[in-house]
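One file, data18.txt, is given below (compact mmCIF, C-alpha atoms and all ligand atoms).
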# COMPACT_ATOMS: atom_id res chain seq x y z
CA MET A 1 15.28 36.06 -20.23
CA SER A 2 15.86 33.06 -17.99
CA THR A 3 13.01 31.40 -16.10
CA ALA A 4 13.70 30.68 -12.43
CA PRO A 5 13.08 27.08 -11.34
CA ILE A 6 9.75 26.64 -9.53
CA PHE A 7 11.31 24.53 -6.77
CA ARG A 8 14.78 24.40 -5.34
CA ARG A 9 14.88 20.72 -4.39
CA VAL A 10 12.39 18.14 -5.66
CA ALA A 11 12.40 14.64 -4.15
CA LEU A 12 10.85 11.84 -6.19
CA ILE A 13 10.09 8.75 -4.13
CA GLY A 14 10.23 5.91 -6.66
CA PHE A 15 11.79 6.07 -10.11
CA GLY A 16 9.51 4.08 -12.41
CA LEU A 17 7.42 5.18 -15.40
CA ILE A 18 5.92 8.23 -13.68
CA GLY A 19 8.84 9.20 -11.41
CA GLY A 20 11.25 8.77 -14.31
CA SER A 21 9.05 10.83 -16.64
CA ILE A 22 8.74 13.64 -14.08
CA ALA A 23 12.52 13.65 -13.62
CA ARG A 24 13.12 13.82 -17.37
CA ALA A 25 10.50 16.53 -18.00
CA ALA A 26 11.43 18.63 -14.96
CA ARG A 27 15.08 18.51 -15.90
CA ALA A 28 14.37 19.34 -19.57
CA GLN A 29 12.34 22.36 -18.47
CA ALA A 30 14.64 23.37 -15.58
CA LEU A 31 11.70 23.32 -13.17
CA ALA A 32 13.90 22.41 -10.19
CA SER A 33 17.42 23.40 -9.15
CA GLU A 34 18.01 19.89 -7.83
CA ILE A 35 16.20 16.59 -8.32
CA VAL A 36 16.81 13.70 -5.96
CA THR A 37 15.21 10.29 -6.15
CA THR A 38 15.10 7.00 -4.33
CA ALA A 39 15.43 3.47 -5.60
CA ARG A 40 15.18 0.50 -3.31
CA SER A 41 17.55 -1.95 -5.01
CA GLU A 42 21.25 -1.50 -5.66
CA LYS A 43 20.65 -2.53 -9.28
CA THR A 44 18.04 0.21 -9.89
CA ARG A 45 20.18 2.82 -8.13
CA ALA A 46 23.06 1.94 -10.45
CA ARG A 47 20.77 2.16 -13.50
CA VAL A 48 19.27 5.52 -12.45
CA THR A 49 22.78 6.90 -11.82
CA GLU A 50 23.82 5.68 -15.25
CA LEU A 51 20.82 7.41 -16.88
CA ASN A 52 22.19 10.69 -15.48
CA ILE A 53 18.78 12.41 -15.23
CA VAL A 54 18.76 13.27 -11.52
CA ASP A 55 21.31 14.92 -9.27
CA ARG A 56 21.34 12.23 -6.57
CA VAL A 57 19.98 8.70 -6.16
CA LEU A 58 19.42 7.66 -2.57
CA ALA A 59 18.63 4.39 -0.87
CA THR A 60 16.30 5.71 1.81
CA ASN A 61 13.13 7.79 1.51
CA ALA A 62 13.95 9.62 4.77
CA GLU A 63 17.25 10.89 3.36
CA ALA A 64 15.65 11.94 0.07
CA VAL A 65 12.96 14.19 1.56
CA GLN A 66 15.34 16.12 3.80
CA ASP A 67 15.34 19.77 2.81
CA ALA A 68 13.09 19.09 -0.20
CA ASP A 69 10.57 21.80 -1.17
CA LEU A 70 8.47 19.38 -3.18
CA VAL A 71 8.13 15.67 -2.41
CA ILE A 72 6.24 13.47 -4.89
CA LEU A 73 5.41 9.87 -4.09
CA CYS A 74 5.68 7.99 -7.41
CA ILE A 75 4.93 4.55 -6.01
CA PRO A 76 1.94 2.15 -6.01
CA VAL A 77 -1.17 3.47 -4.25
CA GLY A 78 -0.97 0.80 -1.54
CA ALA A 79 2.56 1.89 -0.54
CA CYS A 80 1.68 5.60 -0.09
CA GLY A 81 0.37 5.36 3.50
CA PRO A 82 3.35 3.46 4.97
CA VAL A 83 5.87 5.59 3.03
CA THR A 84 4.22 8.82 4.25
CA GLN A 85 4.51 7.57 7.82
CA GLU A 86 8.19 6.84 7.17
CA ILE A 87 9.04 10.26 5.67
CA ALA A 88 6.82 12.44 7.88
CA PRO A 89 9.43 13.14 10.62
CA HIS A 90 12.00 14.18 8.01
CA LEU A 91 9.92 16.66 6.00
CA LYS A 92 10.97 20.29 5.87
CA ALA A 93 8.50 22.84 7.28
CA GLY A 94 6.59 24.44 4.38
CA ALA A 95 7.28 21.58 1.96
CA ILE A 96 4.62 20.52 -0.54
CA VAL A 97 3.87 16.80 -0.36
CA SER A 98 2.16 15.23 -3.36
CA ASP A 99 1.73 11.91 -5.16
CA VAL A 100 0.73 10.60 -8.59
CA GLY A 101 -1.60 7.76 -7.55
CA SER A 102 -4.39 6.68 -9.90
CA VAL A 103 -6.85 6.74 -6.98
CA LYS A 104 -7.37 9.81 -4.82
CA GLY A 105 -9.88 9.16 -1.98
CA ALA A 106 -7.80 6.35 -0.47
CA ILE A 107 -4.60 8.35 -0.93
CA VAL A 108 -6.04 11.23 1.11
CA ARG A 109 -7.29 8.83 3.81
CA GLU A 110 -3.97 6.94 3.98
CA MET A 111 -1.51 9.83 3.69
CA ALA A 112 -3.12 12.83 5.42
CA PRO A 113 -3.16 11.43 8.99
CA HIS A 114 0.63 10.98 8.97
CA LEU A 115 1.52 14.45 7.70
CA PRO A 116 2.64 17.20 10.09
CA ALA A 117 0.57 20.40 10.14
CA ASN A 118 3.47 22.47 8.80
CA VAL A 119 3.51 20.93 5.30
CA HIS A 120 1.11 21.41 2.37
CA PHE A 121 -0.62 18.29 1.07
CA VAL A 122 -1.68 18.49 -2.59
CA PRO A 123 -2.52 15.07 -4.07
CA ALA A 124 -2.25 14.79 -7.85
CA HIS A 125 -2.92 12.36 -10.67
CA PRO A 126 -1.40 12.78 -14.11
CA VAL A 127 -3.86 11.09 -16.45
CA ALA A 128 -1.11 9.82 -18.71
CA GLY A 129 0.75 6.57 -18.86
CA THR A 130 1.69 3.47 -20.76
CA GLU A 131 1.71 -0.25 -20.04
CA HIS A 132 5.44 -0.09 -19.27
CA SER A 133 7.12 0.33 -15.90
CA GLY A 134 10.56 0.67 -14.37
CA PRO A 135 13.42 3.19 -14.63
CA ASP A 136 13.87 2.95 -18.41
CA SER A 137 10.20 3.37 -19.30
CA GLY A 138 9.80 7.11 -18.62
CA PHE A 139 10.00 9.90 -21.19
CA ALA A 140 9.91 13.69 -20.95
CA GLU A 141 6.92 14.14 -23.29
CA LEU A 142 4.54 11.85 -21.38
CA PHE A 143 2.52 14.65 -19.80
CA ILE A 144 2.22 16.98 -22.79
CA ASP A 145 -1.42 17.90 -23.43
CA ARG A 146 -2.56 15.39 -20.81
CA TRP A 147 -4.62 16.28 -17.76
CA CYS A 148 -3.14 16.41 -14.31
CA ILE A 149 -5.90 16.40 -11.69
CA LEU A 150 -5.17 17.99 -8.31
CA THR A 151 -7.37 17.06 -5.33
CA PRO A 152 -6.28 19.37 -2.49
CA PRO A 153 -8.15 19.03 0.81
CA ASP A 154 -10.35 22.00 1.83
CA GLY A 155 -8.29 24.80 3.33
CA THR A 156 -5.06 23.99 1.47
CA ASP A 157 -2.88 27.07 0.95
CA PRO A 158 -3.74 28.36 -2.59
CA MET A 159 -0.04 29.22 -3.12
CA ALA A 160 0.89 25.54 -2.70
CA ILE A 161 -1.80 24.48 -5.19
CA GLU A 162 -0.62 27.14 -7.62
CA ALA A 163 3.05 26.13 -7.31
CA LEU A 164 2.30 22.44 -7.91
CA GLY A 165 -0.03 23.35 -10.80
CA ALA A 166 2.75 25.46 -12.35
CA PHE A 167 5.16 22.53 -12.00
CA TRP A 168 2.78 20.22 -13.90
CA ALA A 169 1.97 22.90 -16.47
CA GLY A 170 5.74 23.35 -16.95
CA MET A 171 5.90 19.68 -17.93
CA GLY A 172 3.19 20.29 -20.54
CA ALA A 173 0.12 19.12 -18.60
CA LYS A 174 -3.31 20.74 -18.44
CA VAL A 175 -4.21 21.14 -14.79
CA GLU A 176 -7.65 20.74 -13.22
CA THR A 177 -8.80 20.60 -9.60
CA MET A 178 -11.61 18.42 -8.22
CA THR A 179 -12.61 16.51 -5.10
CA PRO A 180 -11.04 13.08 -4.50
CA ASP A 181 -14.43 11.34 -4.62
CA HIS A 182 -15.38 12.92 -7.92
CA HIS A 183 -11.97 12.03 -9.34
CA ASP A 184 -12.45 8.40 -8.31
CA LEU A 185 -15.89 8.19 -9.90
CA VAL A 186 -14.76 9.72 -13.20
CA LEU A 187 -11.60 7.61 -13.40
CA ALA A 188 -13.53 4.45 -12.50
CA ILE A 189 -15.30 4.64 -15.86
CA THR A 190 -12.59 6.26 -17.99
CA SER A 191 -9.58 4.27 -16.80
CA HIS A 192 -10.20 1.62 -14.15
CA LEU A 193 -13.10 -0.23 -15.79
CA PRO A 194 -11.38 -0.31 -19.23
CA HIS A 195 -8.37 -1.94 -17.57
CA LEU A 196 -10.57 -4.48 -15.80
CA ILE A 197 -12.29 -5.33 -19.09
CA ALA A 198 -8.92 -5.71 -20.85
CA TYR A 199 -7.60 -7.97 -18.06
CA THR A 200 -10.79 -10.03 -18.32
CA ILE A 201 -10.93 -10.44 -22.08
CA VAL A 202 -7.28 -11.40 -22.42
CA GLY A 203 -7.70 -13.93 -19.59
CA THR A 204 -10.86 -15.30 -21.21
CA ALA A 205 -9.12 -15.75 -24.56
CA ASP A 206 -6.26 -17.55 -22.83
CA GLU A 207 -8.66 -20.02 -21.20
CA LEU A 208 -10.66 -20.88 -24.32
CA ALA A 209 -10.75 -24.58 -25.11
CA GLN A 210 -11.92 -24.29 -28.73
CA VAL A 211 -9.37 -21.69 -29.86
CA THR A 212 -5.68 -22.33 -29.22
CA SER A 213 -3.37 -19.72 -27.67
CA SER A 214 -1.28 -19.67 -30.82
CA GLU A 215 -4.40 -18.82 -32.87
CA VAL A 216 -5.21 -15.99 -30.47
CA ILE A 217 -1.71 -14.58 -30.95
CA LYS A 218 -1.70 -15.21 -34.70
CA PHE A 219 -5.01 -13.50 -35.42
CA SER A 220 -4.85 -10.66 -32.89
CA ALA A 221 -4.24 -7.85 -35.34
CA GLY A 222 -6.86 -5.29 -34.37
CA GLY A 223 -9.21 -4.86 -31.41
CA PHE A 224 -7.85 -7.73 -29.33
CA ARG A 225 -4.28 -6.51 -29.76
CA ASP A 226 -5.25 -3.15 -28.22
CA PHE A 227 -6.68 -5.02 -25.23
CA THR A 228 -3.45 -6.99 -24.81
CA ARG A 229 -1.47 -3.75 -24.56
CA ILE A 230 -3.66 -2.54 -21.70
CA ALA A 231 -3.63 -6.00 -20.07
CA ALA A 232 0.18 -5.89 -20.00
CA SER A 233 0.05 -3.06 -17.41
CA ASP A 234 1.77 -3.48 -14.07
CA PRO A 235 -0.02 -6.04 -11.82
CA THR A 236 0.98 -4.37 -8.52
CA MET A 237 -0.23 -0.95 -9.64
CA TRP A 238 -3.58 -2.28 -10.85
CA ARG A 239 -4.14 -4.56 -7.87
CA ASP A 240 -3.79 -1.46 -5.70
CA VAL A 241 -6.12 0.61 -7.91
CA PHE A 242 -8.95 -1.93 -7.63
CA LEU A 243 -8.44 -2.49 -3.90
CA ASN A 244 -8.50 1.26 -3.28
CA ASN A 245 -11.31 2.39 -5.58
CA LYS A 246 -13.63 -0.47 -4.76
CA GLU A 247 -16.93 1.39 -4.42
CA ALA A 248 -16.73 3.51 -7.57
CA VAL A 249 -15.47 0.57 -9.66
CA LEU A 250 -18.25 -1.71 -8.37
CA GLU A 251 -20.83 0.98 -9.11
CA MET A 252 -19.57 1.39 -12.69
CA LEU A 253 -19.26 -2.37 -13.09
CA GLY A 254 -22.93 -2.74 -12.08
CA THR A 255 -24.01 -0.30 -14.80
CA PHE A 256 -21.66 -1.94 -17.29
CA ASN A 257 -23.10 -5.40 -16.57
CA GLU A 258 -26.63 -4.07 -17.11
CA ASP A 259 -25.64 -2.58 -20.47
CA LEU A 260 -23.85 -5.78 -21.45
CA SER A 261 -27.02 -7.72 -20.62
CA LYS A 262 -29.03 -5.39 -22.90
CA LEU A 263 -26.64 -6.02 -25.79
CA THR A 264 -26.60 -9.75 -25.05
CA ARG A 265 -30.42 -9.74 -25.24
CA ALA A 266 -30.36 -7.78 -28.52
CA ILE A 267 -27.97 -10.32 -30.07
CA ARG A 268 -30.03 -13.27 -28.80
CA ARG A 269 -33.26 -11.76 -30.16
CA GLY A 270 -31.71 -10.66 -33.43
CA ASP A 271 -32.62 -7.05 -32.63
CA GLY A 272 -30.50 -5.32 -35.30
CA GLU A 273 -32.09 -1.95 -34.65
CA ALA A 274 -31.01 -1.94 -30.99
CA LEU A 275 -27.48 -3.00 -31.92
CA PHE A 276 -27.21 -0.39 -34.70
CA GLU A 277 -28.49 2.40 -32.46
CA HIS A 278 -26.02 1.52 -29.72
CA PHE A 279 -23.04 1.31 -32.07
CA ALA A 280 -24.00 4.59 -33.80
CA ARG A 281 -24.11 6.33 -30.41
CA THR A 282 -20.71 5.02 -29.33
CA ARG A 283 -19.19 5.91 -32.72
CA ALA A 284 -20.32 9.52 -32.17
CA ILE A 285 -18.66 9.52 -28.73
CA ARG A 286 -15.37 8.30 -30.19
CA ARG A 287 -15.50 10.91 -32.96
CA GLY A 288 -16.15 13.60 -30.33
CA ILE A 289 -13.05 12.48 -28.38
CA VAL A 290 -10.90 12.58 -31.51
CA GLU A 291 -12.24 16.05 -32.40
CA ILE A 292 -11.20 17.54 -29.06
CA GLY A 293 -7.76 15.98 -29.41
CA GLN A 294 -8.08 13.49 -26.53
CA ASP A 295 -7.38 10.44 -28.64
CA SER A 296 -4.96 8.35 -26.63
CA ALA A 297 -5.09 5.19 -28.71
CA ALA A 298 -2.16 2.79 -28.63
CA PRO A 299 0.05 4.22 -31.42
CA ASP A 300 -0.08 7.58 -29.64
CA PHE A 301 3.43 7.38 -28.24
CA GLY A 302 4.93 6.93 -31.66
CA ARG A 303 3.40 10.09 -33.04
CA PRO A 304 5.50 13.24 -33.15
CA HIS A 305 4.86 15.35 -30.07
CA PRO A 306 4.99 19.13 -30.07
CA PRO A 307 8.41 19.99 -28.66
CA LEU A 308 8.56 20.89 -24.97
CA LYS A 309 9.15 24.62 -24.59
CA LYS A 310 12.83 25.23 -24.11
CA ALA A 311 13.96 26.57 -20.75
CA GLU A 312 15.80 29.80 -21.45
N1 LIG B 1 1.53 3.57 -15.19
C1 LIG B 1 0.64 4.46 -15.48
O1 LIG B 1 0.09 4.46 -16.58
C2 LIG B 1 0.27 5.50 -14.45
C3 LIG B 1 -0.33 6.70 -14.88
C4 LIG B 1 -0.65 7.66 -13.92
C5 LIG B 1 -0.41 7.41 -12.57
N2 LIG B 1 0.15 6.23 -12.19
C6 LIG B 1 0.40 6.01 -10.77
O2 LIG B 1 1.76 6.26 -10.56
C7 LIG B 1 2.28 5.46 -9.49
C8 LIG B 1 3.55 4.78 -9.96
O3 LIG B 1 3.28 4.04 -11.11
P1 LIG B 1 4.41 3.72 -12.20
O4 LIG B 1 3.68 3.34 -13.43
O5 LIG B 1 5.45 4.77 -12.24
O6 LIG B 1 5.02 2.40 -11.56
P2 LIG B 1 6.48 1.72 -11.75
O7 LIG B 1 6.31 0.29 -11.37
O8 LIG B 1 7.06 2.04 -13.06
O9 LIG B 1 7.31 2.46 -10.61
C9 LIG B 1 7.00 2.34 -9.26
C10 LIG B 1 8.22 2.59 -8.42
O10 LIG B 1 7.85 2.55 -7.05
C11 LIG B 1 8.83 1.82 -6.34
N3 LIG B 1 8.20 1.32 -5.11
C12 LIG B 1 7.25 0.38 -5.00
N4 LIG B 1 6.91 0.22 -3.70
C13 LIG B 1 7.69 1.06 -3.00
C14 LIG B 1 7.84 1.35 -1.62
N5 LIG B 1 7.12 0.71 -0.70
N6 LIG B 1 8.75 2.28 -1.24
C15 LIG B 1 9.49 2.92 -2.15
N7 LIG B 1 9.39 2.71 -3.49
C16 LIG B 1 8.51 1.77 -3.88
C17 LIG B 1 9.27 0.75 -7.31
O11 LIG B 1 10.52 0.21 -6.94
C18 LIG B 1 9.32 1.55 -8.61
O12 LIG B 1 10.55 2.24 -8.74
C19 LIG B 1 1.14 4.53 -9.10
O13 LIG B 1 0.55 5.00 -7.92
C20 LIG B 1 0.16 4.61 -10.25
O14 LIG B 1 -1.15 4.42 -9.82
C21 LIG B 1 0.53 5.29 -13.09
O1 LIG B 2 -2.44 4.45 -21.84
C1 LIG B 2 -2.24 3.70 -20.91
O2 LIG B 2 -1.50 2.73 -20.98
C2 LIG B 2 -2.90 3.94 -19.64
O3 LIG B 2 -3.46 3.01 -19.16
C3 LIG B 2 -2.84 5.24 -18.99
C4 LIG B 2 -3.83 5.48 -17.87
C5 LIG B 2 -5.25 5.46 -18.45
O4 LIG B 2 -6.06 4.63 -18.06
O5 LIG B 2 -5.53 6.32 -19.27
C6 LIG B 2 -3.69 4.46 -16.80
C7 LIG B 2 -3.69 4.76 -15.49
C8 LIG B 2 -3.41 6.08 -15.03
O6 LIG B 2 -3.81 6.35 -13.77
C9 LIG B 2 -3.57 7.10 -16.02
C10 LIG B 2 -3.55 6.81 -17.32
The structure in this file should be written as structure tokens.
Ligand SMILES: NC(=O)c1ccc[n+]([C@@H]2O[C@H](COP(=O)([O-])OP(=O)(O)OC[C@H]3O[C@@H](n4cnc5c(N)ncnc54)[C@H](O)[C@@H]3O)[C@@H](O)[C@H]2O)c1
Ligand SMILES: O=C(O)C(=O)C[C@]1(C(=O)O)C=C[C@@H](O)C=C1
Amino acid sequence: MSTAPIFRRVALIGFGLIGGSIARAARAQALASEIVTTARSEKTRARVTELNIVDRVLATNAEAVQDADLVILCIPVGACGPVTQEIAPHLKAGAIVSDVGSVKGAIVREMAPHLPANVHFVPAHPVAGTEHSGPDSGFAELFIDRWCILTPPDGTDPMAIEALGAFWAGMGAKVETMTPDHHDLVLAITSHLPHLIAYTIVGTADELAQVTSSEVIKFSAGGFRDFTRIAASDPTMWRDVFLNNKEAVLEMLGTFNEDLSKLTRAIRRGDGEALFEHFARTRAIRRGIVEIGQDSAAPDFGRPHPPLKKAE
């Protein structure tokens, strides 16, 4: 029995890690009859054509969204507002417009005002990624067993939410719905703050006077090495995340600084009991994450993935 594609034409604006992974997964699962994408430079368009994953590679966003049933913005958070304004007049009536931005409140504020009333707006965030970017970095298995959070505004047509959810589920994701503000608070602690800490610690190590850079590289086998992977993530993407989730990140950073002060005090006072208690608690949290299969530690992408279900 063959499964009908969920969408006839899908337009992916931007073909980097996430756009490229959606294209690969959607094609592997036959979730769309046609996939079109945009790439701004001639060089990237040539590369995407060469990869032979999508049906058409276009230079303009306006051209790409024409007659598309699903449009997904796969670009940095800060570019989503201006690009929505650019594509709005060219959207087909009844189309679903979505994104993959790591922040949701700002996306809703920046995109929604430009959208015509005759399209369905369903923002989304696949909580899956790597430190790599660009057209060659994507892979079809990226979303398997990862969450994709949808944050539809109140009153969104349930059929549009269901169709987009089915699209993500077809790529292997587990789908959950929440409000944009709640999303931003949760992700501030689970994703944004860890990145800020990684960017900080790698920068701090680089600026140390007593330890040379070559020693840092030479002896970074364990914990520090994991931080360097995270700190290699795309600067544009992460600049936009921190500029657009300011309040939640600052709130979490405040709590983090208080906890860091407590540990600093325990070290200064030689309070082994306080240190042991804290480390025992965090070890239990880590073991809980591993037990429920949410371990996304660095070597993750090398491990064998369950095969994507074959489109019949
Ligand atoms: N990298 C991750 O781990 C990850 C995970 C989940 C969600 N996201 C979100 O996905 C989005 C894309 O991230 P990515 O990792 O795929 O980035 P990427 O750098 O790999 O790709 C971004 C693409 O957007 C294009 N682009 C940039 N500005 C543009 C503009 N103004 N108009 C048209 N195209 C433009 C770039 O040319 C590039 O092709 C971001 O919003 C990010 O927050 C990233
Ligand atoms: O594993 C990584 O490299 C990631 O940083 C992925 C990660 C995350 O923090 O978990 C990064 C940003 C996204 O919005 C979603 C996923």
- Message: Counting all atoms listed in the file, I want the residues whose atoms come within 12 Å of (-12.4, 4.4, -10.0) in the file frame, returned as a PyMOL selection string.
- Response: chain A and resi 101-106+180-196+238+240-253
For the interface of chain A with ligand LIG 1 (chain B) (cut-off 7 Å, counting only C-alpha atoms and all ligand atoms), please tabulate each contacting residue of chain A alongside its nearest pair of atoms and their separation in Å to one decimal, rows sorted by chain and increasing number, as a tab-separated table.
residue	atom	partner	partner_atom	distance
A:Ile13	CA	B:LIG1	N7	6.1
A:Gly14	CA	B:LIG1	O10	4.1
A:Phe15	CA	B:LIG1	O12	4.3
A:Gly16	CA	B:LIG1	O8	3.3
A:Leu17	CA	B:LIG1	O5	3.7
A:Ile18	CA	B:LIG1	O5	3.8
A:Gly19	CA	B:LIG1	O5	5.6
A:Ala39	CA	B:LIG1	O12	5.9
A:Arg40	CA	B:LIG1	O11	5.9
A:Cys74	CA	B:LIG1	C8	4.6
A:Ile75	CA	B:LIG1	O10	3.7
A:Pro76	CA	B:LIG1	O13	3.7
A:Val77	CA	B:LIG1	O13	4.3
A:Ala79	CA	B:LIG1	N5	4.7
A:Val83	CA	B:LIG1	N6	6.1
A:Val100	CA	B:LIG1	O2	4.9
A:Gly101	CA	B:LIG1	O13	3.5
A:Ser102	CA	B:LIG1	O14	4.0
A:Val103	CA	B:LIG1	O14	6.8
A:His125	CA	B:LIG1	C5	5.9
A:Pro126	CA	B:LIG1	C4	5.2
A:Val127	CA	B:LIG1	C4	5.3
A:Ala128	CA	B:LIG1	C3	5.0
A:Gly129	CA	B:LIG1	O1	3.2
A:Thr130	CA	B:LIG1	O1	4.6
A:Glu131	CA	B:LIG1	O1	6.1
A:His132	CA	B:LIG1	N1	6.7
A:Ser133	CA	B:LIG1	O8	3.3
A:Gly134	CA	B:LIG1	O8	4.0
A:Pro135	CA	B:LIG1	O12	6.6
A:Asp234	CA	B:LIG1	O7	6.5
A:Met237	CA	B:LIG1	O14	5.5
A:Val241	CA	B:LIG1	O14	6.5
- Item | Using only C-alpha atoms and all ligand atoms: which of A:Asp154, A:Glu86, A:Glu176, A:Asp226 has the shortest distance to ligand LIG 2 (chain B) | A:Asp226
Edge lengths and centre in Å to one decimal, as lines of an AutoDock Vina configuration file, of the axis-aligned box that encloses all listed atoms of ligand LIG 2 (chain B) with 5 Å added on every side?
center_x = -3.8
center_y = 4.9
center_z = -17.8
size_x = 14.6
size_y = 14.4
size_z = 18.1
- Quick one: everything within 7 Å of A:His90, counting all atoms listed in the file, minus sequence neighbours fewer than 3 positions away in the same chain. Send it as a PyMOL selection string. chain A and resi 62+65-66+87
- Task: Within 12 Å of A:Thr37, counting only C-alpha atoms, which residues show up once you throw out same-chain ones fewer than 6 positions away? Write them as a PyMOL selection string, please.
- Result: chain A and resi 9-16+19-20+22-24+44-45+48-49+52-66+68+70-75+135
Limited to C-alpha atoms, could you put the picked residues into a file as a PDB file, in the coordinates of the input?
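Result saved to result-v8.pdb:
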ATOM      1  CA  ARG A   9      14.880  20.720  -4.390  1.00  0.00           C
ATOM      2  CA  VAL A  10      12.390  18.140  -5.660  1.00  0.00           C
ATOM      3  CA  ALA A  11      12.400  14.640  -4.150  1.00  0.00           C
ATOM      4  CA  LEU A  12      10.850  11.840  -6.190  1.00  0.00           C
ATOM      5  CA  ILE A  13      10.090   8.750  -4.130  1.00  0.00           C
ATOM      6  CA  GLY A  14      10.230   5.910  -6.660  1.00  0.00           C
ATOM      7  CA  PHE A  15      11.790   6.070 -10.110  1.00  0.00           C
ATOM      8  CA  GLY A  16       9.510   4.080 -12.410  1.00  0.00           C
ATOM      9  CA  GLY A  19       8.840   9.200 -11.410  1.00  0.00           C
ATOM     10  CA  GLY A  20      11.250   8.770 -14.310  1.00  0.00           C
ATOM     11  CA  ILE A  22       8.740  13.640 -14.080  1.00  0.00           C
ATOM     12  CA  ALA A  23      12.520  13.650 -13.620  1.00  0.00           C
ATOM     13  CA  ARG A  24      13.120  13.820 -17.370  1.00  0.00           C
ATOM     14  CA  THR A  44      18.040   0.210  -9.890  1.00  0.00           C
ATOM     15  CA  ARG A  45      20.180   2.820  -8.130  1.00  0.00           C
ATOM     16  CA  VAL A  48      19.270   5.520 -12.450  1.00  0.00           C
ATOM     17  CA  THR A  49      22.780   6.900 -11.820  1.00  0.00           C
ATOM     18  CA  ASN A  52      22.190  10.690 -15.480  1.00  0.00           C
ATOM     19  CA  ILE A  53      18.780  12.410 -15.230  1.00  0.00           C
ATOM     20  CA  VAL A  54      18.760  13.270 -11.520  1.00  0.00           C
ATOM     21  CA  ASP A  55      21.310  14.920  -9.270  1.00  0.00           C
ATOM     22  CA  ARG A  56      21.340  12.230  -6.570  1.00  0.00           C
ATOM     23  CA  VAL A  57      19.980   8.700  -6.160  1.00  0.00           C
ATOM     24  CA  LEU A  58      19.420   7.660  -2.570  1.00  0.00           C
ATOM     25  CA  ALA A  59      18.630   4.390  -0.870  1.00  0.00           C
ATOM     26  CA  THR A  60      16.300   5.710   1.810  1.00  0.00           C
ATOM     27  CA  ASN A  61      13.130   7.790   1.510  1.00  0.00           C
ATOM     28  CA  ALA A  62      13.950   9.620   4.770  1.00  0.00           C
ATOM     29  CA  GLU A  63      17.250  10.890   3.360  1.00  0.00           C
ATOM     30  CA  ALA A  64      15.650  11.940   0.070  1.00  0.00           C
ATOM     31  CA  VAL A  65      12.960  14.190   1.560  1.00  0.00           C
ATOM     32  CA  GLN A  66      15.340  16.120   3.800  1.00  0.00           C
ATOM     33  CA  ALA A  68      13.090  19.090  -0.200  1.00  0.00           C
ATOM     34  CA  LEU A  70       8.470  19.380  -3.180  1.00  0.00           C
ATOM     35  CA  VAL A  71       8.130  15.670  -2.410  1.00  0.00           C
ATOM     36  CA  ILE A  72       6.240  13.470  -4.890  1.00  0.00           C
ATOM     37  CA  LEU A  73       5.410   9.870  -4.090  1.00  0.00           C
ATOM     38  CA  CYS A  74       5.680   7.990  -7.410  1.00  0.00           C
ATOM     39  CA  ILE A  75       4.930   4.550  -6.010  1.00  0.00           C
ATOM     40  CA  PRO A 135      13.420   3.190 -14.630  1.00  0.00           C
TER      41      PRO A 135
END
- Just give me the gap between atom CA of A:Gly222 and atom CA of A:Gly293 in Å, one decimal is fine.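 Between these atoms lies a distance of 21.9 Å.
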- Near A:Ala30, counting only C-alpha atoms, which residues have an atom at most 12 Å away, once you skip same-chain residues fewer than 2 positions from it, shown as an MDAnalysis selection string? chainID A and resid 2:10 22:28 32:35 53:54 167 170:171 308:312
- Close residues, stretch 95-97 of chain A itself excluded, 9 Å, all atoms listed in the file, min 6 positions apart in chain, as a list of chain:residue names: A:Asp67, A:Ala68, A:Asp69, A:Leu70, A:Val71, A:Ile72, A:Leu73, A:Leu115, A:Asn118, A:Val119, A:His120, A:Phe121, A:Val122, A:Pro123, A:Ala160, A:Ile161, A:Ala163, A:Leu164
Restricting the output to C-alpha atoms, write the selected residues as a short mmCIF file (atom, residue, chain, number, x, y, z; two decimals), in the coordinates of the input.
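Contents of result15.cif, as written:
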data_model
loop_
_atom_site.label_atom_id
_atom_site.label_comp_id
_atom_site.auth_asym_id
_atom_site.auth_seq_id
_atom_site.Cartn_x
_atom_site.Cartn_y
_atom_site.Cartn_z
CA ASP A 67 15.34 19.77 2.81
CA ALA A 68 13.09 19.09 -0.20
CA ASP A 69 10.57 21.80 -1.17
CA LEU A 70 8.47 19.38 -3.18
CA VAL A 71 8.13 15.67 -2.41
CA ILE A 72 6.24 13.47 -4.89
CA LEU A 73 5.41 9.87 -4.09
CA LEU A 115 1.52 14.45 7.70
CA ASN A 118 3.47 22.47 8.80
CA VAL A 119 3.51 20.93 5.30
CA HIS A 120 1.11 21.41 2.37
CA PHE A 121 -0.62 18.29 1.07
CA VAL A 122 -1.68 18.49 -2.59
CA PRO A 123 -2.52 15.07 -4.07
CA ALA A 160 0.89 25.54 -2.70
CA ILE A 161 -1.80 24.48 -5.19
CA ALA A 163 3.05 26.13 -7.31
CA LEU A 164 2.30 22.44 -7.91
#
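Of the listed residues (A:Ala232, A:Ala112, A:Ala166, A:Ala205), A:Ala232 comes nearest to ligand LIG 2 (chain B); the distances count all atoms listed in the file.
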